[in-house]
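Chemist: Just so it is clear, I am handing over start.txt, which has compact mmCIF, C-alpha atoms.
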```txt
# COMPACT_ATOMS: atom_id res chain seq x y z
CA MET A 1 -44.42 15.27 4.73
CA ASP A 2 -40.98 14.35 3.38
CA LYS A 3 -39.50 11.06 4.53
CA ILE A 4 -36.45 11.17 6.80
CA SER A 5 -33.50 9.18 5.46
CA SER A 6 -30.41 7.85 7.19
CA ILE A 7 -27.18 9.83 6.95
CA ARG A 8 -25.23 8.97 3.80
CA GLY A 9 -22.60 6.35 4.51
CA MET A 10 -24.22 5.29 7.79
CA PRO A 11 -26.29 2.26 6.79
CA ASP A 12 -29.01 0.47 8.70
CA VAL A 13 -27.84 -3.07 9.46
CA PHE A 14 -30.40 -5.86 9.45
CA GLU A 15 -30.29 -9.39 10.80
CA SER A 16 -28.37 -11.08 7.98
CA ASP A 17 -25.41 -8.76 8.55
CA THR A 18 -25.70 -8.45 12.33
CA ASN A 19 -25.48 -12.23 12.55
CA TYR A 20 -22.27 -12.26 10.52
CA LEU A 21 -20.79 -9.46 12.64
CA ALA A 22 -21.71 -11.26 15.86
CA GLU A 23 -20.06 -14.42 14.54
CA LEU A 24 -16.91 -12.50 13.58
CA ASN A 25 -16.74 -10.83 17.00
CA LYS A 26 -17.13 -14.21 18.69
CA THR A 27 -14.31 -15.74 16.61
CA LEU A 28 -11.99 -12.76 17.02
CA SER A 29 -12.53 -12.57 20.79
CA LYS A 30 -11.69 -16.30 21.02
CA ILE A 31 -8.41 -15.68 19.16
CA PHE A 32 -7.56 -12.65 21.33
CA LEU A 33 -8.24 -14.57 24.55
CA SER A 34 -6.00 -17.41 23.33
CA HIS A 35 -3.16 -14.85 23.30
CA ASN A 36 -4.08 -13.72 26.85
CA LEU A 37 -5.29 -10.28 25.76
CA ASN A 38 -7.59 -8.22 27.98
CA GLU A 39 -10.60 -6.33 26.62
CA VAL A 40 -10.82 -2.53 26.92
CA ASN A 41 -13.62 -0.17 25.94
CA THR A 42 -13.08 3.56 25.41
CA PRO A 43 -15.66 6.30 24.62
CA ILE A 44 -16.68 6.96 21.01
CA LEU A 45 -16.37 10.70 21.76
CA GLU A 46 -12.98 12.26 22.58
CA GLN A 47 -11.33 15.68 22.59
CA THR A 48 -10.43 16.61 19.01
CA GLU A 49 -6.88 17.41 20.11
CA LEU A 50 -6.31 13.71 20.82
CA PHE A 51 -6.64 12.80 17.15
CA ILE A 52 -4.70 15.84 15.91
CA ARG A 53 -1.76 14.97 18.15
CA SER A 54 -1.90 11.24 17.45
CA THR A 55 -2.78 10.75 13.79
CA GLY A 56 -0.90 13.89 12.68
CA ILE A 57 -1.94 17.25 11.27
CA THR A 58 -1.06 16.06 7.74
CA SER A 59 -3.09 12.87 7.90
CA ASP A 60 -6.22 12.53 5.77
CA ILE A 61 -8.20 11.80 8.94
CA VAL A 62 -7.53 15.23 10.46
CA ASN A 63 -7.64 17.12 7.16
CA LYS A 64 -10.78 15.63 5.64
CA GLU A 65 -12.40 12.81 7.58
CA ILE A 66 -12.94 13.71 11.22
CA TYR A 67 -16.45 14.36 12.59
CA SER A 68 -16.01 17.30 15.01
CA PHE A 69 -18.25 19.79 16.80
CA ASN A 70 -18.11 22.22 19.71
CA ASP A 71 -20.06 21.36 22.86
CA ARG A 72 -21.84 23.90 25.07
CA ASN A 73 -18.53 24.87 26.66
CA GLU A 74 -17.03 25.51 23.20
CA GLN A 75 -14.73 22.51 23.61
CA SER A 76 -14.00 20.74 20.31
CA LEU A 77 -15.06 17.09 20.45
CA SER A 78 -14.80 14.39 17.79
CA LEU A 79 -16.29 11.00 17.09
CA ARG A 80 -13.38 8.58 17.15
CA PRO A 81 -12.00 7.78 13.67
CA GLU A 82 -9.79 4.95 15.00
CA GLY A 83 -9.20 3.10 18.25
CA THR A 84 -5.49 3.28 19.12
CA ALA A 85 -5.36 6.91 20.29
CA GLY A 86 -8.21 6.43 22.76
CA VAL A 87 -6.64 3.28 24.23
CA VAL A 88 -3.26 5.00 24.74
CA ARG A 89 -4.99 8.09 26.19
CA SER A 90 -6.85 5.87 28.65
CA VAL A 91 -3.69 4.06 29.80
CA ILE A 92 -1.89 7.39 30.33
CA GLN A 93 -4.86 8.95 32.15
CA LYS A 94 -5.07 6.01 34.56
CA LYS A 95 -1.29 6.23 35.14
CA LEU A 96 -0.74 2.75 33.77
CA ASP A 97 1.86 3.78 31.17
CA SER A 98 4.82 2.36 33.13
CA VAL A 99 3.70 -1.28 32.87
CA GLU A 100 3.00 -3.64 29.98
CA HIS A 101 -0.49 -4.23 28.59
CA LYS A 102 -1.96 -6.65 26.05
CA LEU A 103 -5.34 -5.24 25.07
CA TRP A 104 -8.09 -5.73 22.52
CA TYR A 105 -11.24 -3.76 21.71
CA GLN A 106 -14.09 -3.59 19.25
CA GLY A 107 -16.70 -0.97 18.42
CA PRO A 108 -17.94 1.70 15.99
CA MET A 109 -15.64 4.28 14.35
CA PHE A 110 -16.56 7.33 12.23
CA ARG A 111 -14.88 8.95 9.21
CA TYR A 112 -16.26 11.42 6.70
CA GLU A 113 -15.17 9.49 3.60
CA ARG A 114 -16.79 9.03 0.21
CA PRO A 115 -19.06 6.02 0.69
CA GLN A 116 -18.34 3.12 -1.65
CA LYS A 117 -18.14 -0.66 -1.62
CA GLY A 118 -16.51 -1.72 1.64
CA ARG A 119 -16.19 1.85 2.93
CA PHE A 120 -18.72 3.52 5.24
CA ARG A 121 -18.81 6.66 7.37
CA GLN A 122 -19.86 4.61 10.39
CA PHE A 123 -18.08 1.27 10.59
CA ASN A 124 -16.92 -1.30 13.14
CA GLN A 125 -13.37 -2.22 14.01
CA ALA A 126 -11.71 -4.73 16.28
CA GLY A 127 -8.16 -3.98 17.35
CA VAL A 128 -5.19 -5.20 19.35
CA GLU A 129 -2.63 -3.07 21.20
CA LEU A 130 0.54 -4.47 22.81
CA LEU A 131 1.78 -1.61 25.01
CA GLY A 132 5.17 -1.36 26.71
CA PHE A 133 6.89 -4.01 24.59
CA GLU A 134 10.14 -3.32 22.73
CA GLU A 135 10.63 -4.16 19.05
CA GLY A 136 11.31 -7.83 18.41
CA PRO A 137 9.19 -10.45 20.22
CA SER A 138 6.15 -8.15 20.29
CA ASP A 139 6.32 -7.73 16.49
CA LEU A 140 6.34 -11.50 16.08
CA GLU A 141 3.47 -11.88 18.53
CA ILE A 142 1.31 -9.33 16.72
CA ILE A 143 1.91 -11.11 13.40
CA SER A 144 1.11 -14.40 15.13
CA ILE A 145 -2.31 -12.98 16.12
CA VAL A 146 -2.88 -11.83 12.52
CA CYS A 147 -1.94 -15.31 11.27
CA ASP A 148 -4.45 -16.90 13.65
CA ILE A 149 -7.15 -14.64 12.19
CA PHE A 150 -6.19 -15.73 8.67
CA ILE A 151 -6.21 -19.41 9.69
CA GLU A 152 -9.37 -19.42 11.83
CA LEU A 153 -11.41 -17.44 9.28
CA GLU A 154 -9.87 -19.32 6.31
CA LEU A 155 -8.74 -16.19 4.44
CA GLU A 156 -6.88 -18.07 1.71
CA ASP A 157 -7.39 -15.35 -0.94
CA SER A 158 -5.67 -12.71 1.21
CA ILE A 159 -2.10 -11.41 1.39
CA LEU A 160 -0.23 -9.83 4.30
CA LYS A 161 2.01 -6.98 3.12
CA ILE A 162 4.86 -5.91 5.42
CA ASN A 163 7.45 -3.14 5.48
CA HIS A 164 9.78 -1.47 7.96
CA LEU A 165 10.00 2.33 8.31
CA GLY A 166 13.21 2.22 10.33
CA ASP A 167 14.04 4.39 13.35
CA LYS A 168 14.43 8.18 13.47
CA ASP A 169 17.93 8.15 11.95
CA THR A 170 16.87 5.76 9.19
CA LYS A 171 13.94 7.99 8.28
CA GLU A 172 16.07 11.12 8.15
CA LYS A 173 18.65 9.52 5.82
CA PHE A 174 15.98 8.02 3.58
CA LEU A 175 13.92 11.23 3.40
CA SER A 176 17.01 13.25 2.51
CA GLU A 177 17.63 11.00 -0.52
CA LEU A 178 13.92 10.87 -1.38
CA LEU A 179 13.63 14.68 -1.42
CA LYS A 180 16.68 14.98 -3.67
CA TYR A 181 15.12 12.50 -6.07
CA LEU A 182 11.70 14.22 -6.02
CA LYS A 183 13.04 17.67 -6.84
CA THR A 184 12.87 16.91 -10.56
CA TYR A 185 9.23 15.78 -10.24
CA LYS A 186 7.87 18.49 -7.91
CA GLY A 187 6.29 20.56 -10.69
CA MET A 188 4.15 17.59 -11.78
CA LEU A 189 2.64 16.85 -8.35
CA ASN A 190 -1.05 17.47 -7.68
CA ASP A 191 -2.03 19.84 -4.85
CA SER A 192 -2.57 17.03 -2.33
CA ASP A 193 0.84 15.46 -3.01
CA LYS A 194 2.55 18.88 -2.94
CA GLU A 195 1.19 19.38 0.58
CA LYS A 196 2.53 15.95 1.59
CA LEU A 197 5.92 16.83 0.09
CA ASP A 198 6.09 19.96 2.29
CA LYS A 199 4.74 18.45 5.52
CA ASN A 200 5.36 14.68 5.46
CA PRO A 201 7.21 13.42 2.34
CA LEU A 202 7.04 9.80 3.51
CA ARG A 203 3.29 9.84 2.81
CA LEU A 204 4.06 10.28 -0.91
CA LEU A 205 4.95 6.59 -1.03
CA ASP A 206 1.24 5.99 -0.45
CA SER A 207 0.16 8.25 -3.35
CA LYS A 208 -2.59 7.02 -5.68
CA ASP A 209 -1.10 8.95 -8.63
CA ILE A 210 -0.03 6.24 -11.13
CA ASN A 211 2.66 8.40 -12.76
CA LEU A 212 4.15 9.32 -9.39
CA LYS A 213 4.12 5.67 -8.28
CA ASP A 214 6.02 4.71 -11.43
CA PHE A 215 8.54 7.48 -10.75
CA LEU A 216 8.98 6.40 -7.11
CA ASP A 217 9.50 2.76 -8.13
CA LYS A 218 12.76 3.85 -9.78
CA GLY A 219 13.90 5.95 -6.82
CA PRO A 220 15.48 5.22 -3.43
CA LYS A 221 13.93 2.45 -1.32
CA ILE A 222 13.69 2.55 2.45
CA LYS A 223 14.85 -1.08 2.69
CA ASP A 224 18.28 0.08 1.47
CA PHE A 225 18.61 2.24 4.61
CA LEU A 226 17.49 -0.30 7.19
CA SER A 227 19.85 -1.81 9.75
CA SER A 228 20.71 -5.51 9.75
CA GLU A 229 18.45 -5.99 12.82
CA GLN A 230 15.50 -4.36 11.06
CA LEU A 231 16.01 -6.42 7.89
CA ASN A 232 16.40 -9.52 10.04
CA LEU A 233 13.00 -8.86 11.63
CA LEU A 234 11.34 -8.83 8.19
CA ASP A 235 13.15 -12.06 7.30
CA LYS A 236 12.01 -13.69 10.56
CA ILE A 237 8.40 -12.78 9.90
CA GLN A 238 8.54 -14.33 6.44
CA SER A 239 10.39 -17.46 7.56
CA ILE A 240 8.23 -18.13 10.66
CA PHE A 241 4.79 -17.25 9.30
CA GLY A 242 5.19 -17.63 5.54
CA LYS A 243 3.92 -21.20 5.56
CA TYR A 244 0.63 -20.08 7.16
CA VAL A 245 -0.01 -16.80 5.34
CA GLU A 246 1.12 -15.40 1.99
CA ILE A 247 3.48 -12.58 2.99
CA GLU A 248 4.75 -9.91 0.60
CA LEU A 249 7.47 -7.33 1.27
CA ASP A 250 6.16 -3.95 0.03
CA SER A 251 8.67 -1.08 0.24
CA SER A 252 5.96 1.49 -0.59
CA LEU A 253 3.78 0.57 2.40
CA VAL A 254 3.70 3.41 4.95
CA ARG A 255 0.11 3.31 6.33
CA GLY A 256 -2.05 6.43 6.62
CA LEU A 257 -1.37 7.60 10.19
CA ASP A 258 1.63 9.68 11.20
CA TYR A 259 2.29 7.81 14.45
CA TYR A 260 3.64 4.65 12.79
CA THR A 261 7.34 3.77 13.22
CA GLY A 262 9.23 0.53 12.63
CA LEU A 263 7.24 -2.45 11.33
CA VAL A 264 4.06 -1.68 9.38
CA PHE A 265 1.71 -4.20 7.77
CA GLU A 266 -1.54 -4.45 5.86
CA ALA A 267 -3.81 -7.34 4.85
CA VAL A 268 -5.55 -7.20 1.48
CA SER A 269 -8.12 -9.46 -0.19
CA SER A 270 -8.79 -10.04 -3.88
CA ASN A 271 -12.50 -10.30 -3.00
CA LEU A 272 -12.87 -6.63 -1.99
CA GLY A 273 -12.24 -4.79 -5.28
CA ALA A 274 -10.47 -1.41 -5.24
CA GLN A 275 -10.76 -0.96 -1.45
CA ASP A 276 -8.91 -4.22 -0.84
CA SER A 277 -7.40 -3.58 2.60
CA PHE A 278 -9.23 -5.01 5.62
CA LEU A 279 -6.52 -5.04 8.33
CA GLY A 280 -3.60 -2.76 9.05
CA GLY A 281 -1.20 -1.79 11.78
CA GLY A 282 2.36 -1.33 12.94
CA ARG A 283 4.62 0.07 15.65
CA TYR A 284 3.95 3.44 17.29
CA ASP A 285 6.75 3.81 19.83
CA GLU A 286 6.48 7.63 20.10
CA LEU A 287 2.70 7.94 20.58
CA SER A 288 2.63 7.77 24.37
CA LYS A 289 5.16 10.60 24.70
CA ASP A 290 3.31 12.63 22.04
CA LEU A 291 0.16 12.36 24.16
CA GLY A 292 1.90 13.46 27.37
CA GLY A 293 2.65 10.04 28.79
CA LYS A 294 5.82 8.15 29.58
CA GLU A 295 7.95 6.48 26.94
CA MET A 296 6.01 3.35 26.03
CA PRO A 297 6.97 1.32 22.93
CA ALA A 298 3.94 -0.27 21.32
CA ILE A 299 2.55 -2.15 18.36
CA GLY A 300 -0.99 -2.90 17.26
CA PHE A 301 -3.49 -3.34 14.45
CA ALA A 302 -7.14 -2.79 13.61
CA ILE A 303 -9.42 -4.91 11.45
CA GLY A 304 -12.46 -3.60 9.59
CA LEU A 305 -15.39 -5.87 10.45
CA GLU A 306 -17.62 -4.79 7.55
CA ARG A 307 -14.87 -5.55 5.05
CA LEU A 308 -14.10 -8.84 6.77
CA ASN A 309 -17.82 -9.53 6.74
CA MET A 310 -17.87 -9.06 2.94
CA ILE A 311 -15.09 -11.64 2.54
CA LYS A 312 -16.79 -14.16 4.83
CA LYS A 313 -20.20 -13.73 3.21
CA LEU A 314 -18.69 -14.46 -0.19
CA LYS A 315 -16.86 -17.47 1.20
CA ASN A 316 -19.78 -18.86 3.19
CA ALA A 317 -22.62 -18.03 0.80
CA LYS A 318 -23.50 -21.72 0.49
CA SER A 319 -22.58 -22.73 4.03
CA ASN A 320 -25.06 -22.33 6.87
CA LYS A 321 -26.49 -23.89 9.99
CA LEU A 322 -30.10 -22.73 9.63
CA ILE A 323 -32.93 -25.17 10.27
CA SER A 324 -36.64 -24.44 9.84
CA PHE A 325 -39.07 -26.27 12.16
CA VAL A 326 -42.64 -26.33 10.78
CA THR A 327 -45.99 -27.72 11.88
CA THR A 328 -49.13 -28.38 9.85
CA SER A 329 -51.68 -27.63 12.59
CA SER A 330 -51.91 -25.27 15.56
CA LYS A 331 -52.74 -28.19 17.90
CA MET A 332 -49.11 -29.34 17.55
CA ASN A 333 -47.54 -25.98 18.41
CA ALA A 334 -47.23 -26.48 22.19
CA LEU A 335 -45.35 -29.75 21.72
CA ALA A 336 -43.28 -28.28 18.88
CA PHE A 337 -42.22 -25.32 21.06
CA LYS A 338 -41.22 -27.73 23.84
CA ILE A 339 -39.07 -29.74 21.41
CA ALA A 340 -37.55 -26.58 19.87
CA GLN A 341 -36.55 -25.33 23.33
CA LEU A 342 -34.91 -28.67 24.12
CA LEU A 343 -32.98 -28.67 20.84
CA ARG A 344 -31.72 -25.11 21.25
CA SER A 345 -30.52 -25.85 24.78
CA HIS A 346 -28.15 -28.49 23.36
CA ASN A 347 -26.65 -26.50 20.47
CA TYR A 348 -26.76 -22.72 20.36
CA ASP A 349 -24.49 -22.65 17.29
CA ILE A 350 -27.50 -23.55 15.12
CA ARG A 351 -30.18 -21.10 14.04
CA LEU A 352 -33.49 -22.87 14.60
CA GLU A 353 -36.25 -20.90 12.89
CA THR A 354 -39.78 -21.92 13.98
CA ASN A 355 -42.70 -21.49 11.60
CA PHE A 356 -45.85 -22.49 13.48
CA THR A 357 -48.23 -20.20 11.56
CA ASN A 358 -51.40 -21.20 9.74
CA ALA A 359 -49.76 -21.07 6.29
CA SER A 360 -49.76 -24.21 4.13
CA LEU A 361 -46.92 -26.72 4.36
CA LYS A 362 -45.97 -25.89 0.78
CA ALA A 363 -45.67 -22.18 1.64
CA LYS A 364 -43.60 -22.98 4.75
CA LEU A 365 -41.21 -25.16 2.75
CA ARG A 366 -40.89 -22.44 0.13
CA LYS A 367 -40.04 -19.87 2.83
CA ALA A 368 -37.48 -22.22 4.41
CA SER A 369 -35.78 -22.67 1.05
CA LYS A 370 -35.73 -18.91 0.47
CA LEU A 371 -34.15 -18.37 3.90
CA GLY A 372 -31.39 -20.82 2.94
CA ALA A 373 -32.25 -23.53 5.47
CA LYS A 374 -30.07 -26.63 5.44
CA PHE A 375 -32.86 -28.84 6.83
CA VAL A 376 -36.57 -28.62 7.59
CA PHE A 377 -38.06 -30.42 10.58
CA ILE A 378 -41.71 -31.27 9.84
CA MET A 379 -44.37 -32.18 12.41
CA GLY A 380 -47.56 -33.20 10.62
CA GLU A 381 -50.53 -35.34 11.62
CA GLU A 382 -48.67 -38.65 11.21
CA GLU A 383 -45.59 -37.39 13.06
CA PHE A 384 -47.76 -36.00 15.87
CA LYS A 385 -49.45 -39.38 16.35
CA SER A 386 -46.22 -41.43 16.20
CA ASP A 387 -43.98 -39.13 18.34
CA THR A 388 -41.64 -38.54 15.42
CA ILE A 389 -40.35 -35.69 13.26
CA THR A 390 -39.59 -35.80 9.54
CA VAL A 391 -36.21 -34.35 8.55
CA LYS A 392 -36.06 -33.01 5.00
CA SER A 393 -32.70 -31.98 3.51
CA PHE A 394 -32.31 -29.05 1.12
CA ASP A 395 -28.95 -30.39 -0.09
CA GLU A 396 -28.55 -31.68 -3.64
CA ASP A 397 -29.42 -35.24 -2.57
CA GLY A 398 -32.69 -33.96 -1.03
CA TYR A 399 -33.13 -36.96 1.31
CA GLN A 400 -36.02 -37.25 3.77
CA VAL A 401 -36.08 -39.41 6.92
CA ASN A 402 -38.39 -39.93 9.90
CA MET A 403 -36.83 -39.76 13.41
CA GLY A 404 -37.97 -40.25 16.98
CA TYR A 405 -37.42 -37.47 19.54
CA ASP A 406 -34.22 -39.02 20.94
CA GLU A 407 -32.87 -39.50 17.41
CA ILE A 408 -33.68 -35.93 16.41
CA LEU A 409 -31.86 -34.62 19.51
CA ASP A 410 -28.73 -36.65 18.67
CA PHE A 411 -28.96 -35.50 15.06
CA TYR A 412 -29.27 -31.84 16.15
CA LYS A 413 -26.30 -32.06 18.54
CA ASP A 414 -24.01 -33.35 15.75
CA ILE A 415 -24.93 -30.90 12.95
```
Translate this structure into structure tokens?

Modeler:
Amino acid sequence: MDKISSIRGMPDVFESDTNYLAELNKTLSKIFLSHNLNEVNTPILEQTELFIRSTGITSDIVNKEIYSFNDRNEQSLSLRPEGTAGVVRSVIQKKLDSVEHKLWYQGPMFRYERPQKGRFRQFNQAGVELLGFEEGPSDLEIISIVCDIFIELELEDSILKINHLGDKDTKEKFLSELLKYLKTYKGMLNDSDKEKLDKNPLRLLDSKDINLKDFLDKGPKIKDFLSSEQLNLLDKIQSIFGKYVEIELDSSLVRGLDYYTGLVFEAVSSNLGAQDSFLGGGRYDELSKDLGGKEMPAIGFAIGLERLNMIKKLKNAKSNKLISFVTTSSKMNALAFKIAQLLRSHNYDIRLETNFTNASLKAKLRKASKLGAKFVFIMGEEEFKSDTITVKSFDEDGYQVNMGYDEILDFYKDI
């Protein structure tokens, strides 16, 4: 019989990656709690209309990437492609759209995209939504949270790009000038960009067509239409947070979802190749009304955990807290398990791998090295008799020392 394979772009995730993702979730949740955010969880399955009304009929998500099907009642349902729409829907449904909320979430998302490095059809995101807060302090707070992520995860090779899309009047004035400028180029647009020109011209700023990007670089810029308050917000972000994160003003940044207004931002890393973005967000002051709720200004962002995982794995390839504990005889295993349990109870940040099999000591040391262990704890005949454990380092110095049980516990606590 033919073997059954996983769905393309929906990878199986084994321990090495699940450990990194768990560590990232732990760090991110610590940052979110430090900003007094509350966790929210929404279903992975929603009515398709939610994403059509929120992300926009012209967005790539609705046009090409959404996973939809009809249920037994012929109602169109979709796997969520992003988290913001579901959070806002939930707040409206529970009639909580007249008060302020600071929320965070994490979980799987689904998009029918071409799988490639850093891009999957099933992926995990963590996100933050500040709901009910006017432009100004909330924009600075959201960037502050992003900065804390950069600092805590040591993302030195990353850049935060920012832009401002203005208000409704700003957009109308800018788009009027942009359309005038694009008239001379319309005949050279590809089919996808022609559709954007007809339905949402602002999305052309995000075009991947090199010739069009060169043409747009010489055309009108949205920053020339912004108010002094809007320009001042961009200046504040750079002056307050520029010493913590490299911040770049990018007038072509619009983000891929139609609900964005005001401030937009995106974090990119030189370690990710062509798909270099791993975090993005902005204001979406009109979304609540578009979904049938009350007027509720809001700002938020989402961060791709698999892409962040790739950055951290590259950065921490030689950094670990894995220890292998080995014995040379089965008669020592009961005592070794007792010691291992004691050690773990004092430091759960360390991965203590026990190898109490009948394999040779040489084979156990070889396995520990292959796993990337920092140290090996060895209990052999001499150690068993003298109530000690030998600690062998896999660092360049390769030192080896014999310790009593109290010493090994103190050593383990301080690693």

Chemist: Name the residues within 7 Å of (12.8, 10.2, -5.3), counting all atoms listed in the file in the file's coordinates, and put them as an MDAnalysis selection string.

Modeler: chainID A and resid 177:182 216 219:220

Chemist: Find, counting only C-alpha atoms, the residue in A:Glu113, A:Glu74, A:Asp406, A:Glu141 that gets nearest to A:His35.

Modeler: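 Among the listed residues, A:Glu141 lies closest to A:His35.
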
Chemist: Return the single residue from A:Glu286, A:Asp414, A:Asp2, A:Glu295 that is closest to A:Leu343, with distances computed using only C-alpha atoms.

Modeler: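 Of the candidates, the smallest distance to A:Leu343 is held by A:Asp414.
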
Chemist: Can you measure atom CA of A:Leu153 to atom CA of A:Val40 for me? One decimal in Å is fine.

Modeler: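 These two atoms are separated by 23.1 Å.
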
Chemist: With all atoms listed in the file as the atoms that count, which of A:Val268, A:Lys385, A:Glu100, A:Pro11 lies nearest to A:Glu134?

Modeler: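 Of A:Val268, A:Lys385, A:Glu100, A:Pro11, the one nearest A:Glu134 is A:Glu100, counting all atoms listed in the file.
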
Chemist: Using only C-alpha atoms, which of A:Leu291, A:Asn73, A:Asn200, A:Tyr185 sits nearest A:Val91?

Modeler: A:Leu291

Chemist: For A:Gly9, please output as a PyMOL selection string all residues within 10 Å (counting all atoms listed in the file; exclusion window: fewer than 5 positions along the same chain).

Modeler: chain A and resi 110-116+119-123

Chemist: Quick check, in Å to one decimal: how far apart do atom CA of A:Ser144 and atom CA of A:Leu50 lie?

Modeler: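 Calculated distance between atom CA of A:Ser144 and atom CA of A:Leu50 is 29.6 Å.
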
Chemist: Just the number, please: distance in Å from atom CA of A:Glu266 to atom CA of A:Ile92, one decimal.

Modeler: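 A separation of 27.2 Å between them.
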
Chemist: Closest to A:Asn38 among A:Ile143, A:Leu130, A:Val401, A:Leu212, using all atoms listed in the file?

Modeler: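 Of all the options, A:Leu130 lies closest to A:Asn38.
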
Chemist: Which residue out of A:Asp250, A:Asp198, A:Asp157, A:Asp217 has the minimum interatomic distance to A:Leu272 when all atoms listed in the file are used?

Modeler: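 Closest to A:Leu272, using all atoms listed in the file: A:Asp157.
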
Chemist: Show me, as a ChimeraX atom specification, the residues that have an atom within 10 Å of A:Ser98 when counting all atoms listed in the file, minus same-chain residues fewer than 3 positions from it.

Modeler: /A:91-92,95,101,131-132,293-296

Chemist: Residues at most 8 Å from A:Ile389, counting all atoms listed in the file, excluding those fewer than 4 positions away in the same chain, as a VMD selection string?

Modeler: chain A and resid 377 to 379 383 to 384 402 to 405 408

Chemist: Leaving out stretch 232-239 of chain A and any residue of its chain fewer than 5 positions from it, which residues lie within 12 Å of it when counting all atoms listed in the file, given as an NGL selection string?

Modeler: :A and (135-144 or 146-147 or 160-166 or 223 or 226-227 or 244-251 or 262-265)

Chemist: Working from the structure I just supplied, which lacks atoms in stretch 260-273 of chain A, can you model N, CA and C atoms there and output them as a short mmCIF file (atom, residue, chain, number, x, y, z; two decimals), in the frame of the given file?

Modeler:
```
data_model
loop_
_atom_site.label_atom_id
_atom_site.label_comp_id
_atom_site.auth_asym_id
_atom_site.auth_seq_id
_atom_site.Cartn_x
_atom_site.Cartn_y
_atom_site.Cartn_z
N TYR A 260 2.97 5.93 13.02
CA TYR A 260 3.64 4.65 12.79
C TYR A 260 5.16 4.81 12.66
N THR A 261 5.88 3.88 13.31
CA THR A 261 7.34 3.77 13.22
C THR A 261 7.66 2.28 13.15
N GLY A 262 8.85 1.94 12.64
CA GLY A 262 9.23 0.53 12.63
C GLY A 262 8.38 -0.31 11.70
N LEU A 263 8.02 -1.51 12.15
CA LEU A 263 7.24 -2.45 11.33
C LEU A 263 5.85 -1.89 11.02
N VAL A 264 5.44 -1.98 9.77
CA VAL A 264 4.06 -1.68 9.38
C VAL A 264 3.57 -2.85 8.52
N PHE A 265 2.25 -3.08 8.53
CA PHE A 265 1.71 -4.20 7.77
C PHE A 265 0.27 -3.93 7.39
N GLU A 266 -0.19 -4.64 6.38
CA GLU A 266 -1.54 -4.45 5.86
C GLU A 266 -2.01 -5.75 5.21
N ALA A 267 -3.24 -6.15 5.48
CA ALA A 267 -3.81 -7.34 4.85
C ALA A 267 -4.79 -6.93 3.77
N VAL A 268 -4.67 -7.53 2.60
CA VAL A 268 -5.55 -7.20 1.48
C VAL A 268 -6.19 -8.49 0.95
N SER A 269 -7.38 -8.33 0.35
CA SER A 269 -8.12 -9.46 -0.19
C SER A 269 -8.53 -9.18 -1.62
N SER A 270 -8.38 -10.17 -2.48
CA SER A 270 -8.79 -10.04 -3.88
C SER A 270 -10.30 -10.00 -4.02
N ASN A 271 -11.04 -10.29 -2.95
CA ASN A 271 -12.50 -10.30 -3.00
C ASN A 271 -13.14 -8.94 -2.71
N LEU A 272 -12.31 -7.92 -2.42
CA LEU A 272 -12.87 -6.63 -1.99
C LEU A 272 -12.84 -5.55 -3.06
N GLY A 273 -12.29 -5.81 -4.24
CA GLY A 273 -12.24 -4.79 -5.28
C GLY A 273 -11.18 -3.75 -4.99
#
```
